[in-house]
file upload06.csv (CSV, C-alpha atoms and all ligand atoms)
chain,number,residue,atom,x,y,z
A,5,MET,CA,-9.7,-8.7,-95.4
A,6,THR,CA,-11.4,-9.8,-92.3
A,7,PHE,CA,-15.0,-11.0,-91.7
A,8,ASP,CA,-17.5,-10.8,-88.8
A,9,LEU,CA,-17.1,-14.0,-86.9
A,10,LYS,CA,-20.1,-13.2,-84.6
A,11,ARG,CA,-22.4,-12.8,-87.6
A,12,TYR,CA,-21.0,-16.0,-89.2
A,13,THR,CA,-21.6,-17.9,-86.0
A,14,GLN,CA,-25.1,-16.6,-85.7
A,15,THR,CA,-26.0,-17.5,-89.2
A,16,LEU,CA,-24.5,-21.0,-89.0
A,17,ALA,CA,-26.2,-21.5,-85.6
A,18,ARG,CA,-29.6,-20.9,-87.3
A,19,LEU,CA,-28.8,-23.4,-90.1
A,20,VAL,CA,-27.5,-26.0,-87.7
A,21,ALA,CA,-30.6,-25.6,-85.5
A,22,GLN,CA,-32.9,-26.8,-88.4
A,23,PRO,CA,-32.7,-30.6,-88.9
A,24,SER,CA,-32.2,-31.6,-92.5
A,25,VAL,CA,-31.2,-35.3,-92.3
A,26,SER,CA,-31.4,-37.2,-95.5
A,27,CYS,CA,-31.3,-40.9,-95.3
A,28,ALA,CA,-32.6,-43.9,-97.3
A,29,LEU,CA,-34.2,-45.1,-94.1
A,30,PRO,CA,-37.6,-43.3,-93.8
A,31,GLN,CA,-37.4,-43.2,-90.0
A,32,TRP,CA,-34.4,-40.8,-90.3
A,33,ASP,CA,-35.3,-38.8,-93.4
A,34,THR,CA,-36.6,-35.2,-92.9
A,35,SER,CA,-37.5,-32.3,-95.1
A,36,ASN,CA,-34.8,-29.8,-95.9
A,37,LYS,CA,-37.3,-27.0,-96.3
A,38,ALA,CA,-36.5,-25.0,-93.2
A,39,VAL,CA,-32.8,-24.8,-94.1
A,40,ILE,CA,-33.6,-23.8,-97.7
A,41,ASP,CA,-36.0,-21.1,-96.4
A,42,GLN,CA,-33.4,-19.8,-94.1
A,43,LEU,CA,-30.7,-19.6,-96.8
A,44,ALA,CA,-33.2,-18.0,-99.2
A,45,GLU,CA,-34.0,-15.3,-96.6
A,46,ASP,CA,-30.3,-14.7,-95.8
A,47,PHE,CA,-29.2,-14.4,-99.5
A,48,ALA,CA,-32.3,-12.3,-100.4
A,49,ALA,CA,-31.1,-9.9,-97.6
A,50,LEU,CA,-27.8,-9.6,-99.5
A,51,GLY,CA,-29.6,-8.6,-102.7
A,52,PHE,CA,-29.9,-12.1,-104.4
A,53,GLN,CA,-32.9,-13.2,-106.4
A,54,THR,CA,-34.0,-16.4,-104.9
A,55,ASP,CA,-35.8,-19.3,-106.4
A,56,ILE,CA,-36.9,-22.3,-104.3
A,57,ILE,CA,-37.4,-25.4,-106.5
A,58,ALA,CA,-39.2,-28.5,-105.4
A,59,VAL,CA,-37.3,-31.7,-106.3
A,60,PRO,CA,-39.7,-33.7,-108.5
A,61,GLY,CA,-40.7,-37.1,-107.0
A,62,HIS,CA,-39.3,-36.2,-103.6
A,63,PRO,CA,-41.9,-34.5,-101.4
A,64,GLY,CA,-40.5,-32.2,-98.8
A,65,LYS,CA,-37.2,-31.8,-100.7
A,66,TYR,CA,-36.1,-28.5,-102.2
A,67,ASN,CA,-33.1,-26.9,-104.0
A,68,LEU,CA,-32.3,-23.2,-103.8
A,69,LEU,CA,-30.9,-21.1,-106.6
A,70,ALA,CA,-29.9,-17.6,-105.6
A,71,THR,CA,-28.5,-15.2,-108.1
A,72,LEU,CA,-26.7,-11.8,-107.8
A,73,GLY,CA,-26.0,-9.8,-110.9
A,74,ARG,CA,-26.3,-10.9,-114.5
A,75,GLY,CA,-24.3,-11.5,-117.6
A,76,GLU,CA,-22.6,-14.4,-119.4
A,77,GLY,CA,-20.7,-17.1,-117.5
A,78,GLY,CA,-21.3,-17.0,-113.8
A,79,LEU,CA,-19.6,-18.4,-110.7
A,80,VAL,CA,-21.7,-20.9,-108.8
A,81,PHE,CA,-21.0,-21.7,-105.1
A,82,ALA,CA,-22.7,-25.1,-104.7
A,83,GLY,CA,-23.4,-27.2,-101.7
A,84,HIS,CA,-25.8,-29.5,-100.1
A,85,SER,CA,-28.3,-28.5,-97.4
A,86,ASP,CA,-28.7,-31.9,-95.9
A,87,THR,CA,-26.8,-33.8,-93.3
A,88,VAL,CA,-26.3,-37.5,-92.4
A,89,PRO,CA,-28.1,-39.0,-89.4
A,90,TYR,CA,-26.4,-38.7,-86.0
A,91,ASP,CA,-25.9,-40.6,-82.7
A,92,ALA,CA,-27.1,-38.0,-80.2
A,93,ASP,CA,-25.8,-39.9,-77.1
A,94,GLN,CA,-22.3,-39.8,-78.6
A,95,TRP,CA,-22.2,-36.0,-78.9
A,96,SER,CA,-20.6,-33.9,-76.1
A,97,SER,CA,-23.2,-31.2,-76.8
A,98,ASP,CA,-26.6,-31.0,-78.6
A,99,PRO,CA,-25.9,-31.6,-82.3
A,100,PHE,CA,-28.5,-28.9,-83.2
A,101,THR,CA,-27.0,-26.2,-80.9
A,102,LEU,CA,-23.9,-24.7,-82.4
A,103,THR,CA,-21.4,-24.7,-79.6
A,104,GLU,CA,-18.0,-23.0,-79.6
A,105,ARG,CA,-15.2,-24.7,-77.7
A,106,GLU,CA,-11.4,-24.1,-78.1
A,107,GLY,CA,-11.6,-22.3,-81.5
A,108,LYS,CA,-14.0,-24.8,-83.0
A,109,LEU,CA,-17.7,-24.6,-83.8
A,110,TYR,CA,-19.5,-27.9,-83.0
A,111,GLY,CA,-22.8,-28.9,-84.6
A,112,LEU,CA,-24.3,-31.4,-87.0
A,113,GLY,CA,-23.4,-30.2,-90.5
A,114,ALA,CA,-21.0,-27.6,-89.3
A,115,THR,CA,-18.2,-28.8,-91.6
A,116,ASP,CA,-20.3,-31.0,-94.0
A,117,MET,CA,-21.4,-28.5,-95.1
A,118,LYS,CA,-23.8,-25.9,-93.7
A,119,GLY,CA,-20.7,-23.9,-92.7
A,120,PHE,CA,-19.9,-23.2,-96.3
A,121,PHE,CA,-23.0,-21.0,-96.9
A,122,PRO,CA,-22.3,-18.3,-94.3
A,123,ALA,CA,-18.7,-18.2,-95.6
A,124,VAL,CA,-20.1,-17.4,-99.0
A,125,MET,CA,-22.3,-14.7,-97.4
A,126,GLU,CA,-19.3,-13.1,-95.8
A,127,ALA,CA,-17.4,-13.2,-99.1
A,128,VAL,CA,-20.2,-11.5,-101.1
A,129,ARG,CA,-21.1,-8.9,-98.5
A,130,ASP,CA,-18.8,-6.2,-99.7
A,131,ILE,CA,-19.3,-6.8,-103.4
A,132,ASP,CA,-20.9,-4.0,-105.3
A,133,PRO,CA,-23.4,-5.7,-107.7
A,134,SER,CA,-23.0,-2.9,-110.2
A,135,GLN,CA,-19.4,-4.1,-110.8
A,136,LEU,CA,-20.5,-7.7,-111.7
A,137,HIS,CA,-20.2,-8.6,-115.4
A,138,ALA,CA,-21.1,-12.2,-114.6
A,139,PRO,CA,-23.5,-13.4,-111.9
A,140,ILE,CA,-22.7,-14.9,-108.5
A,141,VAL,CA,-24.9,-17.9,-108.0
A,142,VAL,CA,-25.5,-19.9,-104.8
A,143,LEU,CA,-26.9,-23.4,-105.3
A,144,ALA,CA,-28.1,-25.4,-102.2
A,145,THR,CA,-29.2,-28.9,-103.0
A,146,ALA,CA,-31.3,-31.6,-101.3
A,147,ASP,CA,-30.4,-35.2,-100.5
A,148,GLU,CA,-26.7,-35.2,-101.3
A,149,GLU,CA,-26.0,-37.6,-98.5
A,150,SER,CA,-28.6,-40.2,-99.7
A,151,SER,CA,-29.9,-40.2,-103.3
A,152,MET,CA,-28.4,-37.0,-104.7
A,153,SER,CA,-31.9,-36.3,-106.0
A,154,GLY,CA,-31.4,-32.5,-105.8
A,155,ALA,CA,-28.4,-32.5,-108.1
A,156,ARG,CA,-30.0,-35.1,-110.3
A,157,ALA,CA,-33.1,-32.8,-110.7
A,158,LEU,CA,-30.9,-29.9,-111.7
A,159,LEU,CA,-29.2,-32.1,-114.3
A,160,ASP,CA,-32.6,-33.4,-115.6
A,161,ALA,CA,-33.8,-29.8,-116.0
A,162,GLY,CA,-30.7,-29.4,-118.2
A,163,VAL,CA,-30.0,-25.7,-117.4
A,164,ALA,CA,-26.5,-24.9,-116.2
A,165,PRO,CA,-26.8,-22.3,-113.5
A,166,GLY,CA,-23.4,-20.8,-114.4
A,167,ARG,CA,-20.1,-21.5,-116.1
A,168,TYR,CA,-17.9,-22.4,-113.1
A,169,ALA,CA,-18.9,-24.4,-110.0
A,170,VAL,CA,-17.1,-24.5,-106.7
A,171,VAL,CA,-18.6,-27.3,-104.6
A,172,GLY,CA,-17.8,-26.3,-101.1
A,173,GLU,CA,-17.4,-29.7,-99.5
A,174,PRO,CA,-14.8,-29.7,-96.6
A,175,THR,CA,-11.4,-30.0,-98.2
A,176,GLY,CA,-9.4,-27.6,-96.0
A,177,MET,CA,-9.6,-25.3,-99.1
A,178,ARG,CA,-7.5,-27.7,-101.2
A,179,PRO,CA,-8.8,-27.8,-104.7
A,180,ILE,CA,-10.0,-31.2,-105.7
A,181,ASN,CA,-10.2,-31.9,-109.4
A,182,MET,CA,-10.7,-35.7,-109.3
A,183,HIS,CA,-12.7,-38.3,-107.4
A,184,LYS,CA,-13.8,-41.8,-108.1
A,185,GLY,CA,-17.3,-42.7,-109.2
A,186,ILE,CA,-19.4,-45.2,-107.4
A,187,LEU,CA,-22.1,-47.8,-108.3
A,188,MET,CA,-24.0,-50.0,-105.8
A,189,GLU,CA,-25.8,-52.9,-107.4
A,190,SER,CA,-27.7,-56.0,-106.6
A,191,ILE,CA,-27.8,-59.3,-108.4
A,192,ARG,CA,-30.6,-61.7,-107.5
A,193,VAL,CA,-30.5,-65.3,-108.8
A,194,LEU,CA,-33.9,-67.0,-108.8
A,195,GLY,CA,-33.6,-70.7,-109.0
A,196,LYS,CA,-35.9,-73.5,-107.7
A,197,SER,CA,-35.7,-75.1,-104.3
A,198,GLY,CA,-36.1,-78.9,-103.7
A,199,HIS,CA,-34.9,-81.8,-101.7
A,200,SER,CA,-31.1,-81.9,-101.6
A,201,SER,CA,-31.1,-85.7,-102.2
A,202,ASN,CA,-31.9,-85.2,-105.9
A,203,PRO,CA,-30.4,-82.3,-107.8
A,204,ALA,CA,-33.0,-82.8,-110.5
A,205,LEU,CA,-35.7,-81.6,-108.1
A,206,GLY,CA,-34.5,-78.0,-108.2
A,207,ASN,CA,-32.1,-75.5,-109.7
A,208,SER,CA,-29.5,-74.2,-107.3
A,209,ALA,CA,-29.4,-70.4,-107.2
A,210,LEU,CA,-26.3,-70.6,-105.0
A,211,GLU,CA,-24.3,-72.6,-107.6
A,212,ALA,CA,-25.3,-70.1,-110.3
A,213,MET,CA,-24.2,-67.3,-107.9
A,214,HIS,CA,-20.8,-69.0,-107.6
A,215,GLU,CA,-20.4,-68.4,-111.3
A,216,VAL,CA,-21.7,-64.8,-111.0
A,217,THR,CA,-19.1,-63.9,-108.3
A,218,SER,CA,-16.3,-65.6,-110.3
A,219,GLU,CA,-17.4,-63.6,-113.3
A,220,LEU,CA,-17.4,-60.3,-111.3
A,221,VAL,CA,-13.9,-61.0,-109.9
A,222,GLN,CA,-12.7,-61.8,-113.4
A,223,TYR,CA,-14.2,-58.6,-114.7
A,224,ARG,CA,-12.6,-56.6,-111.9
A,225,GLY,CA,-9.2,-58.0,-112.9
A,226,GLU,CA,-9.8,-56.9,-116.5
A,227,LEU,CA,-10.9,-53.4,-115.4
A,228,GLN,CA,-7.8,-53.0,-113.3
A,229,GLN,CA,-5.7,-53.9,-116.3
A,230,ARG,CA,-7.5,-51.4,-118.5
A,231,PHE,CA,-7.8,-48.4,-116.0
A,232,HIS,CA,-5.1,-47.0,-113.8
A,233,ASN,CA,-4.9,-43.5,-112.4
A,234,PRO,CA,-1.8,-42.7,-110.2
A,235,GLY,CA,-3.6,-39.6,-108.8
A,236,PHE,CA,-5.5,-41.8,-106.4
A,237,ALA,CA,-4.2,-43.6,-103.3
A,238,VAL,CA,-5.8,-46.7,-104.8
A,239,ALA,CA,-4.9,-46.2,-108.4
A,240,VAL,CA,-7.2,-48.8,-109.9
A,241,PRO,CA,-11.0,-49.2,-110.0
A,242,THR,CA,-12.3,-51.5,-107.2
A,243,LEU,CA,-15.2,-53.9,-107.0
A,244,ASN,CA,-16.2,-55.2,-103.5
A,245,LEU,CA,-18.5,-58.1,-103.1
A,246,GLY,CA,-20.2,-56.7,-100.0
A,247,CYS,CA,-22.8,-59.1,-98.8
A,248,ILE,CA,-24.6,-62.2,-100.0
A,249,HIS,CA,-27.7,-64.0,-98.7
A,250,GLY,CA,-29.2,-67.2,-100.0
A,251,GLY,CA,-30.7,-70.5,-99.1
A,252,ASP,CA,-32.3,-71.8,-95.9
A,253,GLY,CA,-30.9,-75.2,-95.0
A,254,ALA,CA,-28.2,-77.7,-95.7
A,255,ASN,CA,-30.7,-80.3,-97.0
A,256,ARG,CA,-32.5,-77.9,-99.4
A,257,ILE,CA,-31.5,-76.9,-102.9
A,258,CYS,CA,-31.0,-73.1,-102.7
A,259,GLY,CA,-33.9,-71.4,-104.4
A,260,GLU,CA,-32.8,-67.8,-104.2
A,261,CYS,CA,-29.6,-65.9,-103.7
A,262,GLU,CA,-28.8,-62.2,-103.6
A,263,LEU,CA,-25.5,-60.3,-103.8
A,264,HIS,CA,-24.8,-56.7,-103.2
A,265,PHE,CA,-21.6,-55.1,-104.5
A,266,ASP,CA,-20.1,-51.7,-105.2
A,267,LEU,CA,-17.8,-50.6,-108.0
A,268,ARG,CA,-15.6,-47.5,-107.6
A,269,SER,CA,-14.5,-46.2,-111.0
A,270,VAL,CA,-11.7,-43.9,-112.1
A,271,PRO,CA,-12.1,-41.0,-114.6
A,272,GLY,CA,-12.6,-42.4,-118.1
A,273,MET,CA,-15.1,-45.0,-116.9
A,274,HIS,CA,-18.9,-44.4,-117.1
A,275,ASN,CA,-21.5,-46.0,-115.0
A,276,ASP,CA,-23.9,-46.7,-117.8
A,277,GLU,CA,-21.2,-48.6,-119.7
A,278,LEU,CA,-20.2,-50.6,-116.6
A,279,ARG,CA,-23.8,-51.7,-116.0
A,280,HIS,CA,-24.1,-52.7,-119.6
A,281,GLU,CA,-20.9,-54.7,-119.5
A,282,ILE,CA,-21.9,-56.5,-116.3
A,283,ASN,CA,-25.3,-57.3,-117.7
A,284,ARG,CA,-23.7,-58.7,-120.8
A,285,ARG,CA,-21.6,-61.1,-118.7
A,286,LEU,CA,-24.6,-62.3,-116.7
A,287,VAL,CA,-26.7,-63.3,-119.7
A,288,PRO,CA,-24.7,-66.4,-120.7
A,289,ILE,CA,-24.7,-67.7,-117.1
A,290,ALA,CA,-28.5,-67.4,-116.9
A,291,GLU,CA,-28.9,-69.1,-120.3
A,292,ARG,CA,-26.5,-71.9,-119.5
A,293,ARG,CA,-28.1,-72.7,-116.2
A,294,LYS,CA,-31.7,-72.0,-117.3
A,295,ILE,CA,-32.1,-69.6,-114.3
A,296,ASP,CA,-33.3,-66.1,-113.8
A,297,ILE,CA,-30.7,-63.4,-112.9
A,298,VAL,CA,-32.1,-60.0,-112.0
A,299,PHE,CA,-29.5,-57.2,-112.1
A,300,SER,CA,-30.7,-54.0,-110.4
A,301,THR,CA,-29.4,-50.8,-108.9
A,302,LEU,CA,-29.3,-50.0,-105.2
A,303,PHE,CA,-28.2,-46.4,-105.7
A,304,GLU,CA,-28.3,-44.5,-108.9
A,305,GLY,CA,-24.6,-43.9,-108.7
A,306,VAL,CA,-22.2,-41.0,-109.3
A,307,ASP,CA,-19.7,-40.9,-112.2
A,308,PRO,CA,-16.1,-40.1,-111.5
A,309,LEU,CA,-15.0,-36.5,-111.5
A,310,LEU,CA,-12.2,-35.2,-113.7
A,311,GLN,CA,-11.7,-31.5,-114.1
A,312,PRO,CA,-8.6,-31.0,-116.3
A,313,ARG,CA,-5.7,-29.3,-114.5
A,314,GLU,CA,-5.2,-26.8,-117.3
A,315,SER,CA,-8.8,-25.5,-117.1
A,316,GLU,CA,-9.4,-21.9,-116.0
A,317,LEU,CA,-11.2,-22.9,-112.7
A,318,VAL,CA,-8.5,-25.3,-111.5
A,319,ARG,CA,-5.7,-22.9,-112.3
A,320,ALA,CA,-7.5,-20.0,-110.5
A,321,CYS,CA,-8.1,-22.2,-107.4
A,322,GLU,CA,-4.5,-23.4,-107.4
A,323,LYS,CA,-3.1,-19.9,-107.7
A,324,LEU,CA,-5.4,-18.4,-105.0
A,325,THR,CA,-4.7,-21.2,-102.5
A,326,GLY,CA,-1.1,-22.1,-103.3
A,327,ALA,CA,-2.2,-25.7,-103.3
A,328,SER,CA,-2.0,-28.2,-106.2
A,329,ALA,CA,-5.2,-29.8,-107.3
A,330,GLU,CA,-5.6,-33.4,-106.0
A,331,ALA,CA,-7.9,-36.4,-105.8
A,332,VAL,CA,-10.1,-37.5,-102.9
A,333,GLY,CA,-11.7,-40.7,-102.0
A,334,PHE,CA,-15.3,-39.5,-101.5
A,335,ALA,CA,-17.9,-38.8,-104.2
A,336,THR,CA,-19.6,-35.4,-104.6
A,337,GLU,CA,-22.2,-33.7,-106.8
A,338,ALA,CA,-19.5,-32.1,-109.0
A,339,PRO,CA,-19.8,-34.7,-111.8
A,340,PHE,CA,-23.5,-33.6,-112.3
A,341,TYR,CA,-22.2,-30.1,-113.0
A,342,ARG,CA,-19.6,-31.4,-115.4
A,343,GLN,CA,-22.4,-33.1,-117.3
A,344,LEU,CA,-24.0,-29.7,-117.6
A,345,ASP,CA,-20.8,-28.6,-119.3
A,346,MET,CA,-19.7,-26.5,-116.4
A,347,GLN,CA,-16.2,-26.5,-115.0
A,348,ALA,CA,-16.3,-27.9,-111.4
A,349,VAL,CA,-13.9,-28.1,-108.5
A,350,VAL,CA,-14.5,-29.3,-105.0
A,351,MET,CA,-13.1,-26.9,-102.4
A,352,GLY,CA,-14.4,-25.6,-99.1
A,353,PRO,CA,-13.4,-24.9,-95.5
A,354,GLY,CA,-13.4,-27.6,-92.9
A,355,SER,CA,-12.2,-31.2,-92.9
A,356,ILE,CA,-13.8,-34.4,-94.1
A,357,ASP,CA,-12.1,-36.0,-91.1
A,358,GLN,CA,-14.7,-34.4,-88.9
A,359,ALA,CA,-17.7,-35.2,-91.2
A,360,HIS,CA,-20.2,-37.9,-90.6
A,361,GLN,CA,-19.3,-38.4,-86.9
A,362,PRO,CA,-20.2,-37.2,-83.4
A,363,ASP,CA,-18.7,-33.9,-82.4
A,364,GLU,CA,-18.5,-32.6,-85.9
A,365,PHE,CA,-16.9,-29.2,-86.0
A,366,ILE,CA,-15.4,-26.5,-88.2
A,367,ALA,CA,-12.2,-24.8,-87.1
A,368,ILE,CA,-12.6,-21.0,-86.8
A,369,GLU,CA,-9.0,-20.5,-88.0
A,370,GLN,CA,-9.9,-21.9,-91.4
A,371,LEU,CA,-12.7,-19.4,-92.0
A,372,ALA,CA,-10.9,-16.1,-92.7
A,373,PRO,CA,-8.5,-17.6,-95.3
A,374,ALA,CA,-11.4,-19.5,-96.9
A,375,ILE,CA,-13.5,-16.3,-97.2
A,376,ASP,CA,-10.6,-14.5,-98.7
A,377,VAL,CA,-10.2,-17.1,-101.4
A,378,LEU,CA,-14.0,-17.1,-102.2
A,379,ARG,CA,-13.8,-13.3,-102.5
A,380,SER,CA,-10.9,-13.5,-104.8
A,381,LEU,CA,-12.7,-16.1,-107.0
A,382,ILE,CA,-15.6,-13.6,-107.3
A,383,HIS,CA,-13.2,-10.9,-108.4
A,384,HIS,CA,-11.5,-13.3,-110.9
A,385,PHE,CA,-14.6,-14.7,-112.5
A,386,CYS,CA,-17.3,-12.0,-112.0
A,387,ILE,CA,-15.5,-8.6,-111.7
A,388,SER,CA,-12.0,-8.5,-113.2
A,389,SER,CA,-11.9,-7.7,-116.9
A,390,ALA,CA,-8.8,-9.9,-117.3
A,391,ALA,CA,-11.0,-13.0,-116.6
A,392,THR,CA,-13.6,-11.9,-119.1
A,393,ALA,CA,-11.0,-12.4,-121.9
A,394,SER,CA,-9.9,-15.7,-120.6
A,395,ASN,CA,-13.5,-16.9,-120.0
A,396,HIS,CA,-14.0,-17.0,-123.7
A,397,LYS,CA,-11.1,-19.2,-124.5
A,398,GLY,CA,-11.3,-21.1,-121.2
A,399,THR,CA,-11.0,-24.9,-121.6
A,400,THR,CA,-13.5,-27.3,-120.0
B,1,ZN,ZN,-20.9,-33.2,-97.9
call {"tool": "encode", "arguments": {"input": "upload06.csv", "output": "structure tokens", "more": "lines below"}}
Ligand SMILES: [Zn+2]
result
Amino acid sequence: MTFDLKRYTQTLARLVAQPSVSCALPQWDTSNKAVIDQLAEDFAALGFQTDIIAVPGHPGKYNLLATLGRGEGGLVFAGHSDTVPYDADQWSSDPFTLTEREGKLYGLGATDMKGFFPAVMEAVRDIDPSQLHAPIVVLATADEESSMSGARALLDAGVAPGRYAVVGEPTGMRPINMHKGILMESIRVLGKSGHSSNPALGNSALEAMHEVTSELVQYRGELQQRFHNPGFAVAVPTLNLGCIHGGDGANRICGECELHFDLRSVPGMHNDELRHEINRRLVPIAERRKIDIVFSTLFEGVDPLLQPRESELVRACEKLTGASAEAVGFATEAPFYRQLDMQAVVMGPGSIDQAHQPDEFIAIEQLAPAIDVLRSLIHHFCISSAATASNHKGTT
């Protein structure tokens, strides 16, 4: 089947034209409302019921749930509506003006991942809603590139929008069933400063931090013994001591020292447990040195993704694309959908190689095959009666 490239391009151009940068730095962060409104209007025109949901605690940020048809199960096309910040002077054309050059559509978010939504529109356009025995759901979230507050809000609400989620991040339409989890944490040691000539005048935060970093390196070694997954290019969990700041002079006892680190976990590890274990290792250091150690979170974190290969969704994606499911190095919203008991796979047109950088583009040649796969997924999960039977015995 073909699709209307002109219509796709016009739709994507309108989405790209609306800024929706999400960033922990307030000077960059913008509302995503205009993109959500545009998507709601476009999907409503295709017959979808649309629901725009404010993300609690994040003013100006919204999720969109759009639903076509009804019934048990449901196939969810999920994606984020935000983009990362941009360096305007490094772009060859305006990042907010979708520009076609040599078979590529350039624009901020073209591949990561505003370009997914018009692909879904093209895939559903010829579907007769009366044939659907399970709904087609489109979910557009806020803030994936920063706090993931949109997906978190959905998880907090506790209602799965469907049974199967395809998260349309740019993977060149290769199904991704695994990625690592990520934690970013801070450890602050609060000692007491004093004249360096007499150690009794203070309590060195820097020396306590020396024990803290040794403990973390020791813990990393233990984790790497316990966990190993050959599906990843780096098969073990990693822990990077990223930056450290402390003290103010050679002749002063260091009064305060702060460390930031990240921990990238493999499936089978859970962020809550990791935080608990780290905390348990810090307590004896604080007690022994009679010093305060404050362990806190810089970013709420994402658990690792594992969608078993034998599950219905992975098998369907593998069959339709001819590609075996694999692992990637970046984190996505998919683990939140897994926590809602959905099956979730990451798969969409475009390439992560072009994401998060100037002259981001989506290649036009990828679109027609991607739209065909999305259309076939709809037939498999929402129309074909063969899938109805397997839905009931489908594994998670
Ligand atoms: Zn993305």
call {"tool": "closest_residue", "arguments": {"input": "upload06.csv", "among": "A:Ala209, A:Leu9, A:Leu243, A:Val39", "to": "Ile186 in chain A", "atoms": "all atoms listed in the file"}}
result
A:Leu243
call {"tool": "closest_atom_pairs", "arguments": {"input": "upload06.csv", "of": "chain A", "to": "ligand ZN 1 (chain B)", "cutoff": "8 Å", "atoms": "all atoms listed in the file", "output": "tab-separated table"}}
result
residue	atom	partner	partner_atom	distance
A:Gly83	CA	B:ZN1	ZN	7.5
A:His84	CA	B:ZN1	ZN	6.5
A:Thr87	CA	B:ZN1	ZN	7.5
A:Asp116	CA	B:ZN1	ZN	4.5
A:Met117	CA	B:ZN1	ZN	5.5
A:Glu148	CA	B:ZN1	ZN	7.0
A:Glu149	CA	B:ZN1	ZN	6.8
A:Glu173	CA	B:ZN1	ZN	5.2
A:Pro174	CA	B:ZN1	ZN	7.2
A:Thr336	CA	B:ZN1	ZN	7.2
A:Ala359	CA	B:ZN1	ZN	7.7
call {"tool": "atom_distance", "arguments": {"input": "upload06.csv", "atom1": "CA of Asp98 in chain A", "atom2": "CA of Lys118 in chain A"}}
result
16.2 Å
call {"tool": "residues_around", "arguments": {"input": "upload06.csv", "residues": "Arg256 in chain A", "least_positions_apart": "4", "cutoff": "12 Å", "atoms": "only C-alpha atoms", "output": "VMD selection string"}}
result
chain A and resid 196 to 203 205 to 210 250 to 252 260
call {"tool": "residues_around", "arguments": {"input": "upload06.csv", "residues": "Leu102 in chain A", "least_positions_apart": "5", "cutoff": "12 Å", "atoms": "only C-alpha atoms", "output": "PyMOL selection string"}}
result
chain A and resi 12-22+95-97+108-115+118-119+363-366
call {"tool": "atom_distance", "arguments": {"input": "upload06.csv", "atom1": "CA of Gly162 in chain A", "atom2": "CA of Ile131 in chain A"}}
result
29.3 Å
call {"tool": "residues_around", "arguments": {"input": "upload06.csv", "residues": "Gly61 in chain A", "least_positions_apart": "6", "cutoff": "12 Å", "atoms": "all atoms listed in the file", "output": "list in words"}}
result
Ser151, Ser153, Gly154, Arg156 and Ala157 of chain A
call {"tool": "closest_residue", "arguments": {"input": "upload06.csv", "among": "A:Gly195, A:Ser218, A:Ala290, A:Ser380", "to": "Cys258 in chain A", "atoms": "only C-alpha atoms"}}
result
A:Gly195
call {"tool": "residues_around", "arguments": {"input": "upload06.csv", "residues": "Asn275 in chain A", "least_positions_apart": "2", "cutoff": "8 Å", "atoms": "all atoms listed in the file", "output": "number ranges by chain"}}
result
A: 185-187, 273, 277-279, 305-307
call {"tool": "residues_around", "arguments": {"input": "upload06.csv", "residues": "Ala70 in chain A", "least_positions_apart": "5", "cutoff": "12 Å", "atoms": "all atoms listed in the file", "output": "NGL selection string"}}
result
:A and (40-41 or 43-57 or 78-82 or 121 or 124-125 or 139-145 or 165-166)
call {"tool": "atom_distance", "arguments": {"input": "upload06.csv", "atom1": "CA of Thr101 in chain A", "atom2": "CA of Ala335 in chain A"}}
result
28.0 Å
call {"tool": "closest_residue", "arguments": {"input": "upload06.csv", "among": "A:Pro133, A:Pro99, A:Pro234, A:Gly333", "to": "Asp357 in chain A", "atoms": "all atoms listed in the file"}}
result
A:Gly333
call {"tool": "closest_residue", "arguments": {"input": "upload06.csv", "among": "A:Asp93, A:Glu76, A:Pro353, A:Leu310", "to": "Ala372 in chain A", "atoms": "only C-alpha atoms"}}
result
A:Pro353
call {"tool": "closest_residue", "arguments": {"input": "upload06.csv", "among": "A:Ala331, A:Val171, A:Ile191, A:Val163", "to": "Glu262 in chain A", "atoms": "all atoms listed in the file"}}
result
A:Ile191
call {"tool": "closest_residue", "arguments": {"input": "upload06.csv", "among": "A:His249, A:Arg285, A:Arg292, A:Arg178", "to": "Glu330 in chain A", "atoms": "only C-alpha atoms"}}
result
A:Arg178
call {"tool": "decode", "arguments": {"input": "upload06.csv", "residues": "range 109-113 of chain A", "atoms": "N, CA, C and O atoms", "output": "PDB file, in the first residue's frame"}}
result
ATOM      1  N   LEU A 109      13.480  14.798   5.337  1.00  0.00           N
ATOM      2  CA  LEU A 109      12.698  15.894   5.899  1.00  0.00           C
ATOM      3  C   LEU A 109      13.403  16.373   7.165  1.00  0.00           C
ATOM      4  O   LEU A 109      13.512  15.636   8.144  1.00  0.00           O
ATOM      5  N   TYR A 110      13.907  17.623   7.084  1.00  0.00           N
ATOM      6  CA  TYR A 110      14.682  18.182   8.194  1.00  0.00           C
ATOM      7  C   TYR A 110      13.799  19.023   9.103  1.00  0.00           C
ATOM      8  O   TYR A 110      13.002  19.834   8.619  1.00  0.00           O
ATOM      9  N   GLY A 111      13.956  18.875  10.404  1.00  0.00           N
ATOM     10  CA  GLY A 111      13.237  19.712  11.357  1.00  0.00           C
ATOM     11  C   GLY A 111      13.452  19.170  12.767  1.00  0.00           C
ATOM     12  O   GLY A 111      13.725  17.977  12.946  1.00  0.00           O
ATOM     13  N   LEU A 112      13.308  20.043  13.749  1.00  0.00           N
ATOM     14  CA  LEU A 112      13.503  19.620  15.141  1.00  0.00           C
ATOM     15  C   LEU A 112      12.379  18.662  15.545  1.00  0.00           C
ATOM     16  O   LEU A 112      11.202  19.012  15.476  1.00  0.00           O
ATOM     17  N   GLY A 113      12.753  17.455  15.920  1.00  0.00           N
ATOM     18  CA  GLY A 113      11.756  16.445  16.297  1.00  0.00           C
ATOM     19  C   GLY A 113      11.269  15.620  15.120  1.00  0.00           C
ATOM     20  O   GLY A 113      10.413  14.748  15.285  1.00  0.00           O
TER      21      GLY A 113
END
